[in-house]
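This is structure.csv (CSV, C-alpha atoms).
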```csv
chain,number,residue,atom,x,y,z
A,20,MET,CA,0.0,0.0,0.0
A,21,PHE,CA,2.8,2.4,0.9
A,22,LEU,CA,4.6,1.7,-2.4
A,23,GLY,CA,1.4,2.4,-4.3
A,24,LYS,CA,1.0,5.8,-2.5
A,25,LYS,CA,4.6,6.7,-3.2
A,26,LYS,CA,4.2,5.8,-6.9
A,27,ASN,CA,1.1,7.9,-7.2
A,28,LYS,CA,2.8,10.8,-5.4
A,29,LYS,CA,5.6,10.7,-8.0
A,30,GLU,CA,3.1,10.7,-10.8
A,31,GLY,CA,1.2,13.6,-9.3
A,32,GLU,CA,4.4,15.6,-8.9
A,33,PHE,CA,5.4,14.9,-12.5
A,34,TYR,CA,2.1,15.9,-14.0
A,35,GLY,CA,1.9,19.0,-11.7
A,36,ASN,CA,5.3,20.2,-12.9
A,37,LEU,CA,4.4,19.5,-16.4
A,38,ARG,CA,1.3,21.6,-16.2
A,39,GLU,CA,3.1,24.5,-14.5
A,40,ASN,CA,6.4,24.5,-16.4
A,41,GLY,CA,6.1,22.1,-19.4
A,42,LEU,CA,3.5,24.1,-21.3
A,43,THR,CA,5.7,27.2,-21.3
A,44,ILE,CA,8.9,25.5,-22.2
A,45,THR,CA,7.5,23.4,-25.0
A,46,ASP,CA,5.9,26.5,-26.6
A,47,TYR,CA,9.4,27.5,-27.8
A,48,PHE,CA,10.3,24.1,-29.4
A,49,THR,CA,10.4,24.1,-33.2
A,50,ASP,CA,9.3,20.4,-33.3
A,51,GLY,CA,5.8,19.3,-32.5
A,52,LEU,CA,5.5,17.5,-29.1
A,53,LEU,CA,2.8,15.3,-27.7
A,54,ILE,CA,3.0,13.6,-24.3
A,55,PHE,CA,0.8,10.6,-23.4
A,56,ASP,CA,0.4,9.4,-19.8
A,57,LYS,CA,0.6,5.8,-18.7
A,58,ASN,CA,-3.0,5.2,-19.8
A,59,ASN,CA,-2.0,6.6,-23.3
A,60,LYS,CA,-4.1,9.7,-22.8
A,61,VAL,CA,-2.9,13.1,-24.1
A,62,VAL,CA,-1.5,15.3,-21.3
A,63,LEU,CA,0.4,17.8,-23.4
A,64,ILE,CA,0.4,19.1,-26.9
A,65,ASN,CA,2.6,22.1,-28.0
A,66,PRO,CA,1.7,24.8,-30.5
A,67,TRP,CA,3.6,23.2,-33.4
A,68,ALA,CA,1.8,19.9,-32.9
A,69,GLU,CA,-1.5,21.8,-32.9
A,70,GLU,CA,-0.6,23.4,-36.2
A,71,PHE,CA,0.6,20.1,-37.8
A,72,PHE,CA,-2.7,18.4,-37.0
A,73,GLY,CA,-5.0,21.4,-37.3
A,74,VAL,CA,-6.5,21.0,-33.7
A,75,GLU,CA,-6.8,23.0,-30.5
A,76,LYS,CA,-5.4,21.5,-27.4
A,77,GLU,CA,-8.6,21.9,-25.5
A,78,LYS,CA,-10.3,19.4,-27.9
A,79,ILE,CA,-7.7,16.6,-27.4
A,80,LEU,CA,-6.3,16.9,-23.9
A,81,GLY,CA,-7.4,13.9,-21.9
A,82,LYS,CA,-8.3,11.8,-24.9
A,83,SER,CA,-6.7,8.4,-25.6
A,84,ILE,CA,-4.6,7.9,-28.6
A,85,LEU,CA,-7.4,5.8,-30.2
A,86,ASP,CA,-9.9,8.7,-29.6
A,87,LEU,CA,-7.6,10.8,-31.8
A,88,ASN,CA,-8.7,8.8,-34.8
A,89,ARG,CA,-11.8,11.0,-34.9
A,90,PHE,CA,-9.5,13.8,-36.2
A,91,PRO,CA,-8.6,13.1,-39.9
A,92,LYS,CA,-5.0,14.4,-39.7
A,93,PHE,CA,-4.3,12.2,-36.7
A,94,GLU,CA,-5.2,8.9,-38.5
A,95,PRO,CA,-1.6,8.3,-39.9
A,96,LEU,CA,-0.1,8.8,-36.4
A,97,VAL,CA,-2.6,6.6,-34.7
A,98,PHE,CA,-2.0,3.9,-37.3
A,99,LEU,CA,1.8,4.2,-36.8
A,100,LEU,CA,1.8,4.2,-33.0
A,101,GLY,CA,-1.1,1.9,-32.3
A,102,GLY,CA,-3.2,1.9,-29.1
A,103,GLY,CA,-0.2,1.3,-26.9
A,104,VAL,CA,2.0,4.1,-28.2
A,105,LYS,CA,4.7,1.8,-29.3
A,106,GLU,CA,8.4,2.9,-29.6
A,107,VAL,CA,9.5,4.2,-33.0
A,108,SER,CA,12.6,6.0,-34.2
A,109,ARG,CA,12.7,8.5,-37.1
A,110,GLU,CA,9.7,7.0,-38.9
A,111,GLU,CA,8.4,9.2,-41.7
A,112,LEU,CA,4.7,9.9,-41.8
A,113,GLN,CA,2.8,11.7,-44.6
A,114,ILE,CA,0.2,13.8,-42.8
A,115,SER,CA,-1.0,15.7,-45.9
A,116,GLU,CA,0.2,16.4,-49.4
A,117,ASN,CA,2.6,19.1,-48.2
A,118,LEU,CA,3.4,17.8,-44.7
A,119,ILE,CA,5.8,15.0,-43.9
A,120,LEU,CA,6.8,14.4,-40.3
A,121,GLU,CA,9.6,12.3,-38.8
A,122,VAL,CA,8.2,10.6,-35.7
A,123,THR,CA,10.2,9.5,-32.7
A,124,THR,CA,8.9,8.3,-29.3
A,125,VAL,CA,10.8,8.5,-26.0
A,126,PRO,CA,9.6,6.9,-22.8
A,127,ILE,CA,9.8,9.3,-19.8
A,128,ILE,CA,11.0,7.3,-16.7
A,129,THR,CA,11.3,8.5,-13.1
A,130,GLY,CA,12.7,6.3,-10.4
A,131,GLY,CA,12.5,3.2,-12.7
A,132,ILE,CA,8.8,3.8,-13.4
A,133,LYS,CA,7.5,4.7,-16.9
A,134,LEU,CA,5.3,7.7,-16.3
A,135,SER,CA,4.6,8.8,-19.9
A,136,THR,CA,5.7,8.8,-23.5
A,137,LEU,CA,7.0,11.8,-25.4
A,138,VAL,CA,6.3,11.9,-29.1
A,139,ILE,CA,8.6,14.2,-31.1
A,140,LEU,CA,7.3,15.4,-34.5
A,141,HIS,CA,10.0,16.8,-36.7
A,142,ASP,CA,8.9,18.5,-40.0
A,143,VAL,CA,11.0,17.2,-42.9
A,144,SER,CA,8.7,18.4,-45.7
A,145,ARG,CA,11.2,20.9,-47.1
A,146,GLU,CA,14.0,18.4,-47.1
A,147,ARG,CA,11.9,15.8,-48.9
A,148,LEU,CA,10.7,18.4,-51.4
A,149,VAL,CA,14.3,19.4,-52.2
A,150,GLN,CA,15.2,15.7,-52.5
A,151,LYS,CA,12.3,15.1,-54.8
A,152,MET,CA,13.4,18.0,-57.0
A,153,LYS,CA,17.0,16.8,-57.1
A,154,THR,CA,15.8,13.3,-58.0
A,155,GLU,CA,13.5,14.6,-60.8
A,156,PHE,CA,16.4,16.7,-62.2
A,157,VAL,CA,18.7,13.6,-62.2
A,158,THR,CA,16.0,11.5,-63.9
A,159,VAL,CA,15.4,14.1,-66.7
A,160,ALA,CA,19.2,14.7,-67.2
A,161,ALA,CA,20.0,11.0,-67.3
A,162,HIS,CA,17.2,10.3,-69.8
A,163,GLN,CA,18.4,13.1,-72.0
A,164,LEU,CA,22.0,11.8,-71.8
A,165,ARG,CA,21.0,8.2,-72.6
A,166,THR,CA,19.9,8.8,-76.2
A,167,PRO,CA,23.1,10.6,-77.4
A,168,THR,CA,25.5,8.2,-75.6
A,169,SER,CA,23.7,5.3,-77.1
A,170,ALA,CA,24.0,6.9,-80.6
A,171,VAL,CA,27.7,7.6,-80.1
A,172,LYS,CA,28.2,3.9,-79.0
A,173,TRP,CA,26.4,2.7,-82.2
A,174,SER,CA,28.5,5.1,-84.4
A,175,LEU,CA,31.8,4.0,-82.8
A,176,GLU,CA,30.9,0.3,-83.2
A,177,VAL,CA,30.1,0.9,-86.9
A,178,LEU,CA,33.6,2.4,-87.4
A,179,LEU,CA,35.3,-0.3,-85.4
A,180,GLU,CA,33.7,-3.1,-87.4
A,181,GLY,CA,35.0,-1.5,-90.6
A,182,ASP,CA,31.6,-0.9,-92.2
A,183,LEU,CA,32.8,2.6,-93.5
A,184,GLY,CA,36.3,1.4,-94.5
A,185,LYS,CA,39.3,-0.2,-92.9
A,186,LEU,CA,41.0,1.7,-90.1
A,187,ASN,CA,44.7,2.0,-89.6
A,188,LYS,CA,46.3,1.1,-86.3
A,189,GLU,CA,46.2,4.6,-84.8
A,190,GLN,CA,42.6,5.3,-85.9
A,191,LYS,CA,41.5,2.0,-84.4
A,192,LYS,CA,43.3,2.7,-81.1
A,193,LEU,CA,41.8,6.2,-80.8
A,194,ILE,CA,38.2,4.9,-81.6
A,195,GLU,CA,38.6,2.0,-79.1
A,196,LYS,CA,39.5,4.6,-76.4
A,197,ALA,CA,36.5,6.7,-77.3
A,198,HIS,CA,34.3,3.6,-77.2
A,199,LYS,CA,35.6,2.7,-73.7
A,200,THR,CA,35.0,6.2,-72.4
A,201,ASN,CA,31.5,6.3,-73.9
A,202,ASP,CA,30.7,3.0,-72.1
A,203,LYS,CA,31.7,4.6,-68.8
A,204,ALA,CA,29.3,7.4,-69.5
A,205,ILE,CA,26.5,4.9,-70.3
A,206,ARG,CA,27.2,3.1,-67.0
A,207,LEU,CA,27.0,6.3,-65.1
A,208,VAL,CA,23.7,7.3,-66.7
A,209,ASN,CA,22.3,3.8,-65.9
A,210,ASP,CA,23.5,4.1,-62.3
A,211,LEU,CA,21.9,7.6,-61.9
A,212,LEU,CA,18.6,6.3,-63.3
A,213,ASN,CA,18.7,3.4,-60.8
A,214,VAL,CA,19.4,5.8,-57.9
A,215,ALA,CA,16.5,8.0,-59.1
A,216,GLU,CA,14.1,5.0,-59.1
A,217,ILE,CA,15.3,4.0,-55.6
A,218,GLU,CA,14.7,7.4,-54.2
A,219,GLU,CA,11.3,7.7,-55.9
A,220,GLY,CA,10.3,4.4,-54.2
A,221,ARG,CA,9.4,2.7,-57.5
A,222,TYR,CA,12.2,0.2,-57.8
A,223,LEU,CA,10.8,-3.4,-58.0
A,224,SER,CA,8.5,-4.3,-60.9
A,225,LYS,CA,8.4,-7.8,-62.4
A,226,LEU,CA,8.7,-10.3,-59.5
A,227,VAL,CA,9.1,-14.0,-60.4
A,228,LEU,CA,9.9,-17.2,-58.5
A,229,LEU,CA,13.3,-18.6,-59.3
A,230,ASN,CA,16.4,-20.4,-58.1
A,231,ILE,CA,19.0,-17.8,-57.1
A,232,GLU,CA,21.9,-20.1,-58.1
A,233,ASP,CA,20.7,-20.0,-61.7
A,234,LEU,CA,20.7,-16.2,-61.7
A,235,ILE,CA,24.2,-16.1,-60.2
A,236,GLN,CA,25.5,-18.6,-62.7
A,237,SER,CA,24.2,-16.4,-65.6
A,238,ILE,CA,26.2,-13.4,-64.2
A,239,ILE,CA,29.4,-15.5,-63.8
A,240,GLU,CA,29.1,-16.3,-67.5
A,241,GLU,CA,29.3,-12.6,-68.3
A,242,TYR,CA,32.6,-12.3,-66.4
A,243,LYS,CA,34.3,-15.5,-67.7
A,244,GLU,CA,36.7,-13.6,-70.0
A,245,GLN,CA,37.7,-11.1,-67.3
A,246,ILE,CA,38.3,-13.9,-64.8
A,247,LYS,CA,40.5,-15.7,-67.3
A,248,GLU,CA,42.5,-12.6,-68.3
A,249,LYS,CA,43.3,-11.9,-64.6
A,250,LYS,CA,44.0,-15.5,-63.9
A,251,ILE,CA,41.6,-15.4,-60.9
A,252,LYS,CA,41.1,-18.7,-59.0
A,253,PHE,CA,37.3,-18.7,-59.1
A,254,GLU,CA,34.9,-20.9,-57.2
A,255,PHE,CA,31.1,-21.1,-57.1
A,256,LYS,CA,30.0,-23.5,-54.4
A,257,LYS,CA,26.4,-24.6,-54.3
A,258,PRO,CA,24.8,-27.0,-51.8
A,259,GLU,CA,24.1,-30.5,-53.0
A,260,GLU,CA,20.4,-30.4,-52.3
A,261,GLN,CA,18.0,-28.2,-54.4
A,262,LEU,CA,17.6,-24.8,-52.9
A,263,PRO,CA,14.2,-23.3,-52.3
A,264,LYS,CA,13.1,-20.6,-54.6
A,265,THR,CA,13.0,-16.9,-54.0
A,266,MET,CA,10.6,-14.2,-55.3
A,267,VAL,CA,12.8,-11.5,-57.0
A,268,ASP,CA,12.8,-8.9,-59.7
A,269,VAL,CA,15.3,-10.6,-62.0
A,270,GLU,CA,16.9,-7.6,-63.7
A,271,LYS,CA,17.3,-5.6,-60.4
A,272,THR,CA,18.7,-8.6,-58.6
A,273,LYS,CA,21.2,-9.1,-61.4
A,274,ILE,CA,22.3,-5.5,-61.0
A,275,ALA,CA,22.9,-6.1,-57.2
A,276,VAL,CA,24.9,-9.3,-57.7
A,277,ARG,CA,26.7,-7.8,-60.7
A,278,ASN,CA,27.8,-4.7,-58.7
A,279,ILE,CA,29.2,-6.8,-55.9
A,280,LEU,CA,31.0,-9.3,-58.2
A,281,ASP,CA,32.3,-6.4,-60.4
A,282,ASN,CA,33.9,-4.8,-57.4
A,283,ALA,CA,35.5,-8.1,-56.3
A,284,LEU,CA,37.0,-8.6,-59.8
A,285,ARG,CA,38.1,-5.0,-60.2
A,286,TYR,CA,39.9,-4.8,-56.9
A,287,THR,CA,41.4,-8.3,-56.7
A,288,LEU,CA,44.9,-8.5,-58.1
A,289,PRO,CA,45.8,-10.9,-60.8
A,290,LYS,CA,46.1,-14.5,-59.6
A,291,GLY,CA,43.9,-13.7,-56.6
A,292,LYS,CA,40.9,-15.7,-55.5
A,293,ILE,CA,37.1,-15.1,-55.6
A,294,SER,CA,34.6,-17.5,-54.1
A,295,ILE,CA,30.8,-17.4,-54.2
A,296,PHE,CA,28.8,-19.6,-51.7
A,297,VAL,CA,25.1,-20.1,-51.6
A,298,LYS,CA,23.4,-21.8,-48.6
A,299,LYS,CA,19.9,-22.2,-47.2
A,300,GLU,CA,18.9,-20.8,-43.8
A,301,GLU,CA,15.6,-21.3,-42.0
A,302,LYS,CA,13.7,-18.5,-43.8
A,303,ASN,CA,16.3,-17.2,-46.2
A,304,ILE,CA,18.8,-18.0,-48.9
A,305,GLU,CA,22.3,-16.5,-48.0
A,306,VAL,CA,24.8,-15.6,-50.6
A,307,GLN,CA,28.5,-14.9,-49.9
A,308,ILE,CA,30.9,-13.2,-52.4
A,309,GLN,CA,34.4,-13.4,-51.0
A,310,ASP,CA,37.6,-12.0,-52.5
A,311,SER,CA,41.3,-11.7,-51.7
A,312,GLY,CA,41.4,-8.1,-52.9
A,313,LEU,CA,42.5,-4.8,-51.5
A,314,GLY,CA,39.9,-4.7,-48.6
A,315,ILE,CA,38.2,-1.7,-47.1
A,316,PRO,CA,40.0,0.6,-44.6
A,317,LEU,CA,38.5,0.1,-41.1
A,318,ASN,CA,37.9,3.9,-40.6
A,319,GLU,CA,35.9,4.0,-43.9
A,320,GLN,CA,33.7,0.9,-43.5
A,321,ASP,CA,30.7,2.8,-42.1
A,322,LYS,CA,30.4,4.7,-45.4
A,323,ILE,CA,30.6,1.8,-47.7
A,324,PHE,CA,26.9,1.8,-48.7
A,325,THR,CA,26.5,5.6,-49.1
A,326,LYS,CA,26.2,7.3,-52.4
A,327,PHE,CA,29.4,8.2,-54.4
A,328,PHE,CA,31.7,6.8,-51.7
A,329,ARG,CA,34.9,5.1,-52.9
A,330,GLY,CA,37.6,3.8,-50.5
A,331,SER,CA,40.8,5.9,-50.3
A,332,ASN,CA,43.0,2.9,-51.1
A,333,ILE,CA,40.9,2.2,-54.2
A,334,MET,CA,41.1,5.8,-55.5
A,335,ARG,CA,44.9,5.6,-55.6
A,336,ILE,CA,44.8,2.8,-58.2
A,337,ASP,CA,41.4,3.2,-59.9
A,338,THR,CA,39.7,6.5,-60.6
A,339,GLU,CA,37.0,5.2,-62.9
A,340,GLY,CA,34.2,4.0,-60.5
A,341,THR,CA,31.0,6.0,-59.7
A,342,GLY,CA,30.7,5.0,-56.1
A,343,LEU,CA,27.0,4.1,-56.6
A,344,GLY,CA,27.3,0.3,-57.1
A,345,LEU,CA,27.0,-0.8,-53.4
A,346,TYR,CA,24.4,1.9,-52.6
A,347,ILE,CA,22.2,0.5,-55.4
A,348,ALA,CA,22.9,-3.2,-54.4
A,349,LYS,CA,21.9,-2.4,-50.8
A,350,ASN,CA,18.6,-0.8,-51.8
A,351,ILE,CA,17.8,-3.7,-54.2
A,352,ILE,CA,18.4,-6.3,-51.5
A,353,GLU,CA,16.4,-4.4,-48.9
A,354,ALA,CA,13.6,-3.8,-51.3
A,355,HIS,CA,13.3,-7.6,-51.5
A,356,ARG,CA,13.1,-7.7,-47.7
A,357,GLY,CA,16.6,-9.1,-47.5
A,358,ILE,CA,19.7,-7.8,-45.7
A,359,ILE,CA,23.2,-7.1,-46.8
A,360,TRP,CA,26.4,-6.7,-44.8
A,361,PHE,CA,30.2,-7.3,-45.1
A,362,GLU,CA,33.4,-8.2,-43.4
A,363,SER,CA,36.7,-6.7,-44.6
A,364,GLU,CA,40.3,-6.3,-43.7
A,365,GLU,CA,42.5,-3.9,-45.6
A,366,GLY,CA,45.1,-5.8,-47.7
A,367,LYS,CA,43.4,-9.2,-47.1
A,368,GLY,CA,40.1,-9.0,-48.9
A,369,THR,CA,36.3,-8.6,-48.4
A,370,THR,CA,33.3,-10.8,-48.0
A,371,PHE,CA,29.8,-9.5,-48.9
A,372,TYR,CA,26.8,-11.3,-47.6
A,373,PHE,CA,23.2,-10.9,-48.5
A,374,THR,CA,20.0,-12.7,-47.9
A,375,LEU,CA,16.7,-13.1,-49.8
A,376,PRO,CA,13.6,-14.6,-48.2
A,377,ILE,CA,12.5,-18.0,-49.2
A,378,LYS,CA,9.1,-18.1,-51.1
A,379,GLU,CA,8.7,-21.7,-52.1
A,380,LYS,CA,5.6,-22.6,-50.0
A,381,PHE,CA,2.5,-21.9,-52.0
A,382,GLY,CA,4.8,-20.4,-54.6
A,383,GLU,CA,2.4,-20.9,-57.4
A,384,TYR,CA,0.1,-18.3,-55.9
A,385,LEU,CA,2.8,-15.7,-55.3
A,386,THR,CA,3.0,-12.8,-57.6
A,387,GLU,CA,4.1,-9.2,-57.4
A,388,LYS,CA,0.7,-8.4,-55.8
A,389,PHE,CA,2.0,-10.0,-52.6
A,390,TYR,CA,4.6,-7.2,-52.2
```
Would you mind giving the structure from this file in structure tokens?
Amino acid sequence: MFLGKKKNKKEGEFYGNLRENGLTITDYFTDGLLIFDKNNKVVLINPWAEEFFGVEKEKILGKSILDLNRFPKFEPLVFLLGGGVKEVSREELQISENLILEVTTVPIITGGIKLSTLVILHDVSRERLVQKMKTEFVTVAAHQLRTPTSAVKWSLEVLLEGDLGKLNKEQKKLIEKAHKTNDKAIRLVNDLLNVAEIEEGRYLSKLVLLNIEDLIQSIIEEYKEQIKEKKIKFEFKKPEEQLPKTMVDVEKTKIAVRNILDNALRYTLPKGKISIFVKKEEKNIEVQIQDSGLGIPLNEQDKIFTKFFRGSNIMRIDTEGTGLGLYIAKNIIEAHRGIIWFESEEGKGTTFYFTLPIKEKFGEYLTEKFY
């Protein structure tokens, strides 16, 4: 009984201080703030939150979070937090066409007792608008560049094939150099379009059920000449039993695997080793792509999946990459509800891992509508 009275006293003091001081302090916050008590009822809303949701505090104070569903602009927040005001961190929420909020919840604990939950509402509308404008610009620019670079490629290939007359040694060398440079520009354009699709949230399209080892084998075939030229010791190890199938966008998954394997080949020295392993886990297929290449410096490993990042040790020997390959690969894998990670030691090599969920059971009924 005594403990119960002590607990109630603490709660009373907390809410009393909140009423006396909290309302004044939170008026000056530039983020929206809501506080729910232990019964998930609103005990505080600051002016910015009132403006975000188009309500007056008198109409919602004392109401439970589920009661807030009666106010149209609160519906997305109620759906996100649920009746128990669950913990979330930096979840984006579209409140209206021109308002996007980043939502974080923080439990308020006193003396080991959770008294309430603070909901922080940060307006990221302007940042997302700027990001959208940048993405749209990149998309338009990349599409405009795709046509001329493709035309240049075709023209150069006509010349190299001798359709307009035989080339002398110097002419052929010059045109081959131009062809190679143009191919780099085409790859950059394609990477930029892939990034734009990722950021617009429209990345996966044609999902089909397939065996991942068949897809990997088809990509290995593309690199056979390069593997042979560098005298790489190459190994593709598959389990003896038939692997379950996965539901993937074939073209996008090929891009992800190709980007990882291309890095392994590019940054593994001649006569080095590359191994690919595929295995079944309980709910996933795991793929490992291991190389004996240059590795990634420890102090740079946290940046490896960011846009335009290239390792300092790589830049010293190869200035041609775009720094977009692993960013694209990561987004493709995660769009399939898989995960991707790596282990690396500079000078010894890198192993990339990724998983894709198994979709064999009732697979005949699975289509892109299930995503």
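With only C-alpha atoms as the atoms that count, the residue of A:Phe98, A:Phe72, A:Phe373, A:Trp67 with the shortest distance to Glu353 in chain A is A:Phe373.
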So which residues touch Ile336 in chain A within 12 Å, counting all atoms listed in the file, skipping near sequence neighbours fewer than 5 positions away, as a short mmCIF file (atom, residue, chain, number, x, y, z; two decimals) with C-alpha atoms, in the coordinates of the input?
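Result file follows (part08.cif):
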```
data_model
loop_
_atom_site.label_atom_id
_atom_site.label_comp_id
_atom_site.auth_asym_id
_atom_site.auth_seq_id
_atom_site.Cartn_x
_atom_site.Cartn_y
_atom_site.Cartn_z
CA ARG A 285 38.10 -5.00 -60.20
CA TYR A 286 39.90 -4.80 -56.90
CA THR A 287 41.40 -8.30 -56.70
CA LEU A 288 44.90 -8.50 -58.10
CA LEU A 313 42.50 -4.80 -51.50
CA ARG A 329 34.90 5.10 -52.90
CA GLY A 330 37.60 3.80 -50.50
CA SER A 331 40.80 5.90 -50.30
#
```
Report as a PDB file with C-alpha atoms, in the frame of the given file all protein, DNA and RNA residues lying within 12 Å of Val159 in chain A, evaluated on all atoms listed in the file, omitting residues in the same chain fewer than 6 positions from it.
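Contents of selection-v2.pdb, as written:
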```
ATOM      1  CA  MET A 152      13.400  18.000 -57.000  1.00  0.00           C
ATOM      2  CA  LYS A 153      17.000  16.800 -57.100  1.00  0.00           C
ATOM      3  CA  ARG A 165      21.000   8.200 -72.600  1.00  0.00           C
ATOM      4  CA  THR A 166      19.900   8.800 -76.200  1.00  0.00           C
ATOM      5  CA  VAL A 208      23.700   7.300 -66.700  1.00  0.00           C
ATOM      6  CA  LEU A 211      21.900   7.600 -61.900  1.00  0.00           C
ATOM      7  CA  LEU A 212      18.600   6.300 -63.300  1.00  0.00           C
ATOM      8  CA  ALA A 215      16.500   8.000 -59.100  1.00  0.00           C
ATOM      9  CA  GLU A 216      14.100   5.000 -59.100  1.00  0.00           C
TER      10      GLU A 216
END
```
* If you count all atoms listed in the file, which residues fall within 12 Å of range 295-299 of chain A, apart from same-chain ones fewer than 6 positions away, as a ChimeraX atom specification? -> /A:230-236,238-239,252-265,276,279-280,283,305-310,369-377
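Proximity of A:Asp268, A:Glu195, A:Glu248, A:Asp182 to Pro289 in chain A, computed with all atoms listed in the file, is greatest for A:Glu248.
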* To do: Please indicate the distance in Å from CA of Ile358 in chain A to CA of Val267 in chain A, rounded to one decimal place.
  => 13.7 Å
* Find the spatial neighbours of Lys199 in chain A, counting only C-alpha atoms, within a cut-off of 12 Å - ignore same-chain residues fewer than 3 positions away - and output them as a ChimeraX atom specification. => /A:168,171-172,175-176,192-196,202-206,339
How would the residues just picked look written out with C-alpha atoms as a compact mmCIF listing (two decimals), in the coordinates of the input?
```
# COMPACT_ATOMS: atom_id res chain seq x y z
CA THR A 168 25.50 8.20 -75.60
CA VAL A 171 27.70 7.60 -80.10
CA LYS A 172 28.20 3.90 -79.00
CA LEU A 175 31.80 4.00 -82.80
CA GLU A 176 30.90 0.30 -83.20
CA LYS A 192 43.30 2.70 -81.10
CA LEU A 193 41.80 6.20 -80.80
CA ILE A 194 38.20 4.90 -81.60
CA GLU A 195 38.60 2.00 -79.10
CA LYS A 196 39.50 4.60 -76.40
CA ASP A 202 30.70 3.00 -72.10
CA LYS A 203 31.70 4.60 -68.80
CA ALA A 204 29.30 7.40 -69.50
CA ILE A 205 26.50 4.90 -70.30
CA ARG A 206 27.20 3.10 -67.00
CA GLU A 339 37.00 5.20 -62.90
```
* Rounded to one decimal place, report the CA of Asp50 in chain A-CA of Asp321 in chain A distance in Å. => 29.1 Å
* Once you count all atoms listed in the file, which residues end up no further than 12 Å from (-8.1, 13.8, -36.8) in the file's frame, shown as a VMD selection string? -> chain A and resid 69 71 to 75 78 to 79 84 to 98 114 to 115
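Between CA of Ile315 in chain A and CA of Ile351 in chain A the interatomic distance comes to 21.7 Å.
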